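Heads up, upload-v9.txt below (compact mmCIF, C-alpha atoms):
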# COMPACT_ATOMS: atom_id res chain seq x y z
CA MET A 1 40.98 -19.58 -11.80
CA PHE A 2 39.94 -15.98 -12.54
CA TRP A 3 36.22 -16.76 -12.44
CA THR A 4 36.65 -18.74 -9.24
CA ILE A 5 38.20 -15.69 -7.60
CA VAL A 6 35.40 -13.48 -8.93
CA ALA A 7 32.74 -15.89 -7.63
CA CYS A 8 34.39 -16.14 -4.22
CA SER A 9 34.73 -12.36 -4.00
CA PHE A 10 31.05 -11.95 -4.82
CA VAL A 11 30.03 -14.44 -2.14
CA VAL A 12 32.25 -12.70 0.43
CA PHE A 13 30.72 -9.34 -0.56
CA ILE A 14 27.18 -10.66 -0.06
CA ILE A 15 28.11 -12.13 3.32
CA ILE A 16 29.59 -8.82 4.45
CA LEU A 17 26.45 -6.97 3.34
CA TYR A 18 24.29 -9.46 5.21
CA ILE A 19 26.36 -8.96 8.37
CA LEU A 20 26.36 -5.15 8.10
CA SER A 21 22.67 -4.74 7.17
CA PRO A 22 21.45 -4.77 10.81
CA ILE A 23 23.57 -1.68 11.45
CA ILE A 24 21.10 0.56 9.60
CA ALA A 25 18.02 -1.65 9.92
CA PRO A 26 15.36 -0.52 12.43
CA LYS A 27 14.74 -2.64 15.49
CA ALA A 28 11.81 -5.01 14.92
CA PHE A 29 8.50 -3.64 16.20
CA GLN A 30 6.80 -5.54 19.03
CA VAL A 31 3.23 -6.22 17.86
CA GLN A 32 2.08 -8.15 20.92
CA GLY A 33 0.31 -5.80 23.29
CA ALA A 34 0.58 -2.85 20.89
CA HIS A 35 -2.41 -0.73 19.90
CA VAL A 36 -2.89 -1.15 16.14
CA LEU A 37 -5.45 1.17 14.53
CA VAL A 38 -6.69 0.29 11.04
CA THR A 39 -8.68 2.69 8.88
CA GLY A 40 -10.77 0.92 6.26
CA GLY A 41 -10.73 -2.01 8.64
CA SER A 42 -14.18 -3.39 7.88
CA SER A 43 -13.15 -5.29 4.75
CA GLY A 44 -10.43 -6.12 2.25
CA ILE A 45 -6.75 -5.55 2.96
CA GLY A 46 -7.46 -3.50 6.09
CA LEU A 47 -9.46 -6.31 7.65
CA GLY A 48 -6.74 -8.78 6.65
CA ILE A 49 -4.06 -6.70 8.40
CA ALA A 50 -6.27 -6.40 11.50
CA LYS A 51 -6.62 -10.19 11.64
CA ALA A 52 -2.88 -10.70 11.17
CA ALA A 53 -2.13 -8.21 13.97
CA ALA A 54 -4.66 -9.87 16.29
CA LYS A 55 -2.98 -13.25 15.73
CA LYS A 56 0.26 -11.66 16.96
CA GLY A 57 -1.41 -10.40 20.13
CA ALA A 58 -2.16 -6.79 19.23
CA ASN A 59 -5.05 -4.75 20.58
CA VAL A 60 -6.88 -3.62 17.46
CA THR A 61 -9.12 -0.66 16.63
CA LEU A 62 -11.12 -0.81 13.41
CA VAL A 63 -12.33 2.44 11.82
CA ALA A 64 -14.67 2.58 8.83
CA ARG A 65 -17.95 4.16 7.73
CA ASN A 66 -20.37 1.22 7.65
CA LEU A 67 -21.26 0.29 11.24
CA VAL A 68 -22.91 -3.02 10.27
CA ARG A 69 -19.83 -4.22 8.38
CA LEU A 70 -17.63 -2.91 11.19
CA THR A 71 -19.46 -5.02 13.77
CA GLN A 72 -19.11 -8.11 11.58
CA ALA A 73 -15.43 -7.35 11.03
CA ARG A 74 -14.81 -6.98 14.77
CA GLU A 75 -16.30 -10.44 15.35
CA GLU A 76 -14.00 -11.88 12.66
CA VAL A 77 -10.93 -10.23 14.18
CA GLU A 78 -11.87 -11.41 17.68
CA LYS A 79 -11.76 -15.00 16.43
CA CYS A 80 -8.12 -14.42 15.46
CA CYS A 81 -7.01 -13.32 18.93
CA ASN A 82 -4.18 -15.36 20.43
CA GLY A 83 -6.07 -16.17 23.62
CA SER A 84 -4.70 -13.46 25.91
CA SER A 85 -7.25 -12.30 28.48
CA THR A 86 -6.06 -8.69 28.13
CA GLN A 87 -6.35 -8.54 24.33
CA ARG A 88 -9.14 -6.27 23.08
CA ILE A 89 -10.75 -5.48 19.73
CA GLN A 90 -12.90 -2.40 19.23
CA CYS A 91 -14.49 -0.52 16.35
CA PHE A 92 -15.65 3.03 15.62
CA SER A 93 -17.70 4.38 12.73
CA ALA A 94 -16.31 7.50 11.05
CA ASP A 95 -15.82 9.05 7.62
CA ILE A 96 -12.11 9.90 7.66
CA SER A 97 -12.25 11.78 4.35
CA GLN A 98 -14.32 14.78 5.38
CA ASN A 99 -13.33 16.36 8.66
CA TYR A 100 -10.10 16.25 10.67
CA GLY A 101 -11.96 17.04 13.88
CA GLU A 102 -14.08 13.90 13.53
CA VAL A 103 -11.03 11.74 12.84
CA GLU A 104 -9.13 13.12 15.82
CA GLN A 105 -12.14 12.63 18.10
CA VAL A 106 -12.51 8.97 17.11
CA ILE A 107 -8.81 8.28 17.60
CA ARG A 108 -8.85 9.94 21.03
CA LYS A 109 -11.76 7.67 21.99
CA ALA A 110 -9.85 4.64 20.75
CA GLU A 111 -6.77 5.63 22.75
CA ALA A 112 -8.86 6.19 25.86
CA HIS A 113 -9.66 2.46 25.86
CA LEU A 114 -6.47 0.89 24.48
CA GLY A 115 -3.75 3.46 25.05
CA PRO A 116 -1.74 5.44 22.47
CA VAL A 117 -1.74 4.13 18.90
CA SER A 118 1.59 2.39 18.27
CA MET A 119 0.89 1.29 14.70
CA LEU A 120 -1.38 3.14 12.27
CA ILE A 121 -2.57 1.32 9.14
CA ASN A 122 -3.96 3.75 6.56
CA SER A 123 -5.97 1.30 4.48
CA ALA A 124 -9.17 3.26 3.78
CA GLY A 125 -9.41 3.89 0.07
CA ALA A 126 -11.47 3.54 -3.07
CA GLY A 127 -11.60 4.76 -6.61
CA MET A 128 -13.49 4.70 -9.85
CA SER A 129 -11.74 3.43 -12.94
CA GLY A 130 -12.76 4.97 -16.23
CA ARG A 131 -11.55 7.10 -19.11
CA PHE A 132 -10.41 10.57 -18.11
CA ASP A 133 -13.09 12.44 -20.07
CA GLU A 134 -15.83 10.14 -18.76
CA ILE A 135 -15.06 10.28 -15.02
CA PRO A 136 -17.23 12.90 -13.25
CA LEU A 137 -15.05 15.80 -12.09
CA GLU A 138 -16.44 15.42 -8.58
CA GLU A 139 -14.96 11.92 -8.48
CA PHE A 140 -11.41 13.34 -8.69
CA ARG A 141 -12.01 15.36 -5.53
CA LYS A 142 -13.75 12.51 -3.68
CA THR A 143 -10.96 10.07 -4.51
CA MET A 144 -8.27 12.48 -3.31
CA ASP A 145 -10.22 13.23 -0.13
CA LEU A 146 -10.50 9.55 0.83
CA ASN A 147 -7.24 8.10 -0.46
CA TYR A 148 -4.94 11.01 0.42
CA HIS A 149 -6.55 13.47 2.85
CA GLY A 150 -8.00 10.62 4.93
CA SER A 151 -4.48 9.29 5.46
CA VAL A 152 -3.22 12.78 6.30
CA TYR A 153 -5.93 13.26 8.93
CA ALA A 154 -5.36 9.91 10.64
CA THR A 155 -1.59 10.38 10.66
CA ARG A 156 -1.86 13.91 12.04
CA ALA A 157 -4.00 12.60 14.91
CA VAL A 158 -1.41 10.02 16.07
CA ILE A 159 1.94 11.53 15.17
CA LYS A 160 2.33 13.79 18.23
CA ASN A 161 2.01 10.90 20.70
CA MET A 162 4.34 8.73 18.62
CA LYS A 163 7.00 11.45 18.64
CA GLU A 164 6.64 11.93 22.41
CA ARG A 165 7.10 8.18 22.98
CA GLN A 166 9.78 8.03 20.27
CA ASN A 167 8.35 4.86 18.80
CA GLY A 168 5.81 3.91 16.17
CA ARG A 169 4.90 2.51 12.78
CA ILE A 170 2.76 4.09 10.07
CA VAL A 171 1.59 2.22 6.98
CA TYR A 172 0.18 3.77 3.82
CA VAL A 173 -1.60 1.29 1.57
CA SER A 174 -1.00 2.66 -1.90
CA SER A 175 -1.24 0.49 -5.03
CA MET A 176 0.79 -0.64 -8.01
CA ALA A 177 -1.24 2.09 -9.73
CA GLY A 178 0.61 4.43 -7.37
CA GLN A 179 3.89 3.47 -9.04
CA LEU A 180 2.81 3.43 -12.67
CA GLY A 181 0.08 5.50 -14.30
CA LEU A 182 -2.22 3.15 -16.20
CA TYR A 183 -5.10 3.52 -18.62
CA GLY A 184 -8.32 4.21 -16.74
CA TYR A 185 -6.69 5.28 -13.48
CA THR A 186 -6.25 9.04 -13.93
CA SER A 187 -8.20 9.73 -10.75
CA TYR A 188 -7.09 6.74 -8.68
CA SER A 189 -3.39 6.82 -9.65
CA ALA A 190 -3.07 10.52 -8.83
CA SER A 191 -4.34 9.96 -5.28
CA LYS A 192 -2.06 6.97 -4.73
CA PHE A 193 1.00 8.75 -6.16
CA ALA A 194 0.32 11.53 -3.65
CA LEU A 195 0.80 9.07 -0.79
CA ARG A 196 4.37 8.46 -1.91
CA GLY A 197 5.31 12.11 -1.62
CA LEU A 198 3.71 12.26 1.80
CA ALA A 199 5.42 9.07 2.99
CA GLU A 200 8.91 10.01 1.78
CA ALA A 201 8.82 13.53 3.21
CA LEU A 202 7.31 12.40 6.51
CA GLN A 203 9.83 9.57 6.95
CA MET A 204 12.65 12.11 6.82
CA GLU A 205 10.92 14.13 9.55
CA VAL A 206 10.11 11.30 11.95
CA LYS A 207 13.10 8.98 11.59
CA PRO A 208 14.96 10.74 14.45
CA TYR A 209 11.99 9.81 16.66
CA ASN A 210 12.30 6.08 15.86
CA ILE A 211 9.11 6.16 13.79
CA TYR A 212 9.21 4.15 10.58
CA ILE A 213 6.86 4.36 7.64
CA THR A 214 5.94 1.59 5.22
CA LEU A 215 4.56 2.42 1.80
CA ALA A 216 2.77 -0.64 0.44
CA PHE A 217 2.03 -1.25 -3.23
CA PRO A 218 -0.43 -4.16 -3.32
CA PRO A 219 -1.48 -5.66 -6.68
CA ASP A 220 -5.11 -6.35 -7.61
CA THR A 221 -6.56 -8.02 -4.53
CA ASP A 222 -9.77 -10.04 -4.27
CA THR A 223 -11.72 -7.61 -2.09
CA PRO A 224 -15.20 -5.99 -2.15
CA GLY A 225 -13.53 -2.80 -3.36
CA TYR A 226 -12.00 -4.63 -6.32
CA ALA A 227 -15.40 -6.08 -7.24
CA GLU A 228 -16.94 -2.60 -7.10
CA GLU A 229 -14.15 -1.16 -9.25
CA ASN A 230 -14.75 -3.79 -11.94
CA LYS A 231 -18.24 -2.41 -12.54
CA THR A 232 -16.81 0.64 -14.34
CA LYS A 233 -13.42 -0.71 -15.44
CA PRO A 234 -12.66 -0.13 -19.16
CA GLU A 235 -11.68 -3.17 -21.20
CA GLU A 236 -8.17 -1.75 -21.69
CA THR A 237 -7.68 -1.41 -17.94
CA ARG A 238 -8.93 -4.93 -17.29
CA LEU A 239 -6.58 -6.48 -19.86
CA ILE A 240 -3.55 -4.53 -18.61
CA SER A 241 -4.16 -5.17 -14.90
CA GLU A 242 -4.59 -8.90 -15.49
CA VAL A 243 -0.84 -9.13 -16.15
CA ALA A 244 0.03 -9.00 -12.43
CA GLY A 245 -2.70 -11.47 -11.43
CA LEU A 246 -5.23 -11.40 -8.60
CA PHE A 247 -4.04 -11.98 -5.01
CA CYS A 248 -5.90 -13.05 -1.88
CA PRO A 249 -6.19 -10.37 0.84
CA GLU A 250 -4.58 -12.60 3.48
CA LYS A 251 -1.31 -12.90 1.54
CA VAL A 252 -1.20 -9.17 0.86
CA ALA A 253 -2.06 -8.29 4.47
CA ASN A 254 0.61 -10.59 5.92
CA SER A 255 3.28 -9.11 3.64
CA ILE A 256 2.37 -5.54 4.62
CA LEU A 257 2.34 -6.26 8.36
CA GLU A 258 5.62 -8.18 8.18
CA ASP A 259 7.40 -5.37 6.32
CA SER A 260 6.03 -2.76 8.72
CA VAL A 261 7.30 -4.76 11.70
CA LYS A 262 10.75 -4.79 10.07
CA GLY A 263 10.55 -1.06 9.38
CA LYS A 264 10.91 -1.49 5.62
CA PHE A 265 9.91 1.60 3.66
CA LEU A 266 8.82 -0.10 0.44
CA CYS A 267 6.52 -3.13 0.43
CA SER A 268 5.65 -5.14 -2.65
CA VAL A 269 3.77 -8.37 -3.32
CA GLY A 270 4.43 -10.83 -6.13
CA VAL A 271 7.05 -10.94 -8.88
CA ASP A 272 5.65 -8.01 -10.87
CA GLY A 273 5.35 -5.98 -7.68
CA PHE A 274 8.97 -6.74 -6.80
CA LEU A 275 10.13 -5.65 -10.27
CA LEU A 276 8.10 -2.44 -10.27
CA THR A 277 9.06 -1.47 -6.72
CA ASN A 278 12.76 -1.88 -7.45
CA LEU A 279 12.43 -0.05 -10.74
CA THR A 280 10.70 2.95 -9.14
CA CYS A 281 12.65 3.08 -5.85
CA GLY A 282 14.40 6.32 -6.85
CA MET A 283 15.41 8.34 -3.78
CA SER A 284 13.29 6.33 -1.36
CA PRO A 285 14.62 5.81 2.19
CA VAL A 286 16.90 2.79 2.69
CA THR A 287 16.65 0.47 5.69
CA SER A 288 18.78 -2.42 4.39
CA LEU A 289 22.18 -2.51 2.71
CA MET A 290 21.20 -5.76 1.00
CA GLU A 291 18.08 -4.16 -0.43
CA ALA A 292 19.98 -1.07 -1.61
CA THR A 293 22.64 -3.19 -3.33
CA GLN A 294 20.04 -5.34 -5.02
CA GLN A 295 18.27 -2.20 -6.31
CA VAL A 296 21.50 -0.81 -7.76
CA VAL A 297 22.39 -4.10 -9.45
CA THR A 298 18.98 -4.88 -10.93
CA MET A 299 17.61 -1.47 -11.91
CA GLY A 300 19.16 -1.43 -15.41
CA LEU A 301 17.90 -4.92 -16.22
CA PHE A 302 14.45 -4.18 -14.81
CA ARG A 303 14.23 -1.02 -16.95
CA ILE A 304 14.83 -3.11 -20.05
CA ILE A 305 12.12 -5.56 -18.97
CA SER A 306 9.74 -2.66 -18.28
CA LEU A 307 10.05 -1.48 -21.89
CA PHE A 308 8.51 -4.75 -23.04
CA TYR A 309 5.69 -4.33 -20.50
CA LEU A 310 4.99 -0.79 -21.72
CA ASP A 311 4.99 -1.91 -25.34
CA SER A 312 2.49 -4.67 -24.54
CA PHE A 313 0.24 -2.16 -22.74
CA ASP A 314 0.31 0.18 -25.75
CA ARG A 315 -0.59 -2.75 -27.98
CA VAL A 316 -3.58 -3.58 -25.77
CA VAL A 317 -4.84 0.00 -25.99
CA HIS A 318 -4.36 0.05 -29.76
CA ARG A 319 -6.17 -3.27 -30.27
CA CYS A 320 -9.11 -2.09 -28.19
CA LYS A 321 -9.36 1.11 -30.21
CA VAL A 322 -9.31 -0.83 -33.50
CA HIS A 323 -11.96 -3.18 -32.15
CA LYS A 324 -14.24 -0.28 -31.21
CA VAL A 325 -13.85 1.31 -34.66
CA THR A 326 -14.68 -2.02 -36.31
CA ILE A 327 -17.88 -2.28 -34.26
CA VAL A 328 -18.94 1.33 -34.81
CA LYS A 329 -18.49 1.45 -38.62
CA PRO A 330 -21.15 -1.16 -39.55
CA LYS A 331 -23.66 0.66 -37.39
CA GLU A 332 -22.96 3.90 -39.23
CA GLN A 333 -23.48 2.20 -42.59
Encoding of this model in structure tokens:
Amino acid sequence: MFWTIVACSFVVFIIILYILSPIIAPKAFQVQGAHVLVTGGSSGIGLGIAKAAAKKGANVTLVARNLVRLTQAREEVEKCCNGSSTQRIQCFSADISQNYGEVEQVIRKAEAHLGPVSMLINSAGAGMSGRFDEIPLEEFRKTMDLNYHGSVYATRAVIKNMKERQNGRIVYVSSMAGQLGLYGYTSYSASKFALRGLAEALQMEVKPYNIYITLAFPPDTDTPGYAEENKTKPEETRLISEVAGLFCPEKVANSILEDSVKGKFLCSVGVDGFLLTNLTCGMSPVTSLMEATQQVVTMGLFRIISLFYLDSFDRVVHRCKVHKVTIVKPKEQ
């Protein structure tokens, strides 16, 4: 009898949370007809989000450095349009990491054709994986300029209009390496962790203007950038990152766009991503009572699980070190 009452009470509690959640949840964003601007839109996750937005009827602007790839990407996105005669796809070549003036100029040009940017996807990013003492010092600056400052510049260029219209969505594509510092990612992780501080502080500023930010933590995704990263990836990094698996860009892109439409602050993909995002939620903004309750209930358990993950990562690093020593010693003899 006692456990029946407990079970019934729990079910009633969940139902009440489900009913009350819309009270604090943002109103769903209308993608159809909106101007969605995607940095890093010529390939990978950025291109995937652009395609997903086009399927929902958005007018899309792609921004990236390589004009040839941009033109090809625009053709791919155009094939995803929902058939509306007013829907438009455009692209502009720019290096968003170097100069704010250039970024602002490109965005003003984009808005001149398609109107104010309603949704900004900060997807431009790259990074070299390698051991800390082997990564060129210049690479730390370059990675921060692209992954962090590029997002700052693009956001700065659209935020004024969003605040005036009191509506908008901003997405920062971080990484699971932006939640957990991993072997080989001293440069990359630092730049992705920086996005979290930016996103949390900015969300507090712009929430009164009905602007909602989504911070996405995609896992390893089968993109050209991932293939490039693998060229310098240490064995330890490869073995550790394999734990979460490799995801297709379409699945990742759809998850990010869907969560941004809902106004969710944290976006994860896959089981490991869900675990890590809940474990590291900390003082992040809350847009759902159900999500907040689930975080409170599961955090202790997920911390215990994470200890086993961390132990396995340490074992990987240790095994690789022993293997290197075993190889080096015969050569010295």
Atom CA of A:Ile121 to atom CA of A:Ile256, distance in Å rounded to a single decimal: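 If I compute the distance from atom CA of A:Ile121 to atom CA of A:Ile256, I get 9.6 Å.
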Using only C-alpha atoms: which of A:Val316, A:Val297, A:Val31, A:Ala52 has the shortest distance to A:Glu242: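 For A:Glu242, the nearest of the given residues is A:Val316.
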Top pick for closest residue to A:Leu202, considering A:Phe217, A:Tyr172, A:Arg108, A:Gln98 and counting all atoms listed in the file: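 Smallest separation from A:Leu202 among the options: A:Tyr172.
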Two-atom distance - atom CA of A:Asp259, atom CA of A:Arg169 (Å):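 According to the coordinates, atom CA of A:Asp259 and atom CA of A:Arg169 are separated by 10.5 Å.
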From A:Gly115, A:Gly83, A:Gly184, A:Gly178, residue lying nearest A:Ala54 [only C-alpha atoms]: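 Among the listed residues, the smallest separation from A:Ala54 belongs to A:Gly83.
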Distance in Å - atom CA of A:Met128 versus atom CA of A:Phe92: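 It comes out at 25.6 Å.
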Residue nearest A:Met144 - candidates A:Lys56, A:Leu182, A:Tyr188, A:Leu275, atoms counted: all atoms listed in the file: A:Tyr188
Neighbour residues at most 12 Å from (10.8, 2.4, 4.2) (all atoms listed in the file) as a PyMOL selection string: chain A and resi 24-26+169-172+196+199-204+206-207+211-216+256+259-268+277+281+283-288+291-292
For the residues selected in the previous step, produce a file with C-alpha atoms as a PDB file, in the coordinates of the input.
ATOM      1  CA  ILE A  24      21.100   0.560   9.600  1.00  0.00           C
ATOM      2  CA  ALA A  25      18.020  -1.650   9.920  1.00  0.00           C
ATOM      3  CA  PRO A  26      15.360  -0.520  12.430  1.00  0.00           C
ATOM      4  CA  ARG A 169       4.900   2.510  12.780  1.00  0.00           C
ATOM      5  CA  ILE A 170       2.760   4.090  10.070  1.00  0.00           C
ATOM      6  CA  VAL A 171       1.590   2.220   6.980  1.00  0.00           C
ATOM      7  CA  TYR A 172       0.180   3.770   3.820  1.00  0.00           C
ATOM      8  CA  ARG A 196       4.370   8.460  -1.910  1.00  0.00           C
ATOM      9  CA  ALA A 199       5.420   9.070   2.990  1.00  0.00           C
ATOM     10  CA  GLU A 200       8.910  10.010   1.780  1.00  0.00           C
ATOM     11  CA  ALA A 201       8.820  13.530   3.210  1.00  0.00           C
ATOM     12  CA  LEU A 202       7.310  12.400   6.510  1.00  0.00           C
ATOM     13  CA  GLN A 203       9.830   9.570   6.950  1.00  0.00           C
ATOM     14  CA  MET A 204      12.650  12.110   6.820  1.00  0.00           C
ATOM     15  CA  VAL A 206      10.110  11.300  11.950  1.00  0.00           C
ATOM     16  CA  LYS A 207      13.100   8.980  11.590  1.00  0.00           C
ATOM     17  CA  ILE A 211       9.110   6.160  13.790  1.00  0.00           C
ATOM     18  CA  TYR A 212       9.210   4.150  10.580  1.00  0.00           C
ATOM     19  CA  ILE A 213       6.860   4.360   7.640  1.00  0.00           C
ATOM     20  CA  THR A 214       5.940   1.590   5.220  1.00  0.00           C
ATOM     21  CA  LEU A 215       4.560   2.420   1.800  1.00  0.00           C
ATOM     22  CA  ALA A 216       2.770  -0.640   0.440  1.00  0.00           C
ATOM     23  CA  ILE A 256       2.370  -5.540   4.620  1.00  0.00           C
ATOM     24  CA  ASP A 259       7.400  -5.370   6.320  1.00  0.00           C
ATOM     25  CA  SER A 260       6.030  -2.760   8.720  1.00  0.00           C
ATOM     26  CA  VAL A 261       7.300  -4.760  11.700  1.00  0.00           C
ATOM     27  CA  LYS A 262      10.750  -4.790  10.070  1.00  0.00           C
ATOM     28  CA  GLY A 263      10.550  -1.060   9.380  1.00  0.00           C
ATOM     29  CA  LYS A 264      10.910  -1.490   5.620  1.00  0.00           C
ATOM     30  CA  PHE A 265       9.910   1.600   3.660  1.00  0.00           C
ATOM     31  CA  LEU A 266       8.820  -0.100   0.440  1.00  0.00           C
ATOM     32  CA  CYS A 267       6.520  -3.130   0.430  1.00  0.00           C
ATOM     33  CA  SER A 268       5.650  -5.140  -2.650  1.00  0.00           C
ATOM     34  CA  THR A 277       9.060  -1.470  -6.720  1.00  0.00           C
ATOM     35  CA  CYS A 281      12.650   3.080  -5.850  1.00  0.00           C
ATOM     36  CA  MET A 283      15.410   8.340  -3.780  1.00  0.00           C
ATOM     37  CA  SER A 284      13.290   6.330  -1.360  1.00  0.00           C
ATOM     38  CA  PRO A 285      14.620   5.810   2.190  1.00  0.00           C
ATOM     39  CA  VAL A 286      16.900   2.790   2.690  1.00  0.00           C
ATOM     40  CA  THR A 287      16.650   0.470   5.690  1.00  0.00           C
ATOM     41  CA  SER A 288      18.780  -2.420   4.390  1.00  0.00           C
ATOM     42  CA  GLU A 291      18.080  -4.160  -0.430  1.00  0.00           C
ATOM     43  CA  ALA A 292      19.980  -1.070  -1.610  1.00  0.00           C
TER      44      ALA A 292
END
Selection near A:Val63, 6 Å with all atoms listed in the file, sequence-local residues under 6 positions removed, as a ChimeraX atom specification: /A:39-41,91-93
Residue nearest A:Gly57 among A:Lys27, A:Arg131, A:Arg88, A:His149 (counting only C-alpha atoms):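 Of A:Lys27, A:Arg131, A:Arg88, A:His149, the one nearest A:Gly57, counting only C-alpha atoms, is A:Arg88.
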Minimum-distance residue to A:Ile49, chosen among A:Ile89, A:Ala253, A:Leu195, A:Ala124 (using all atoms listed in the file):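 Counting all atoms listed in the file, the residue closest to A:Ile49 is A:Ala253.
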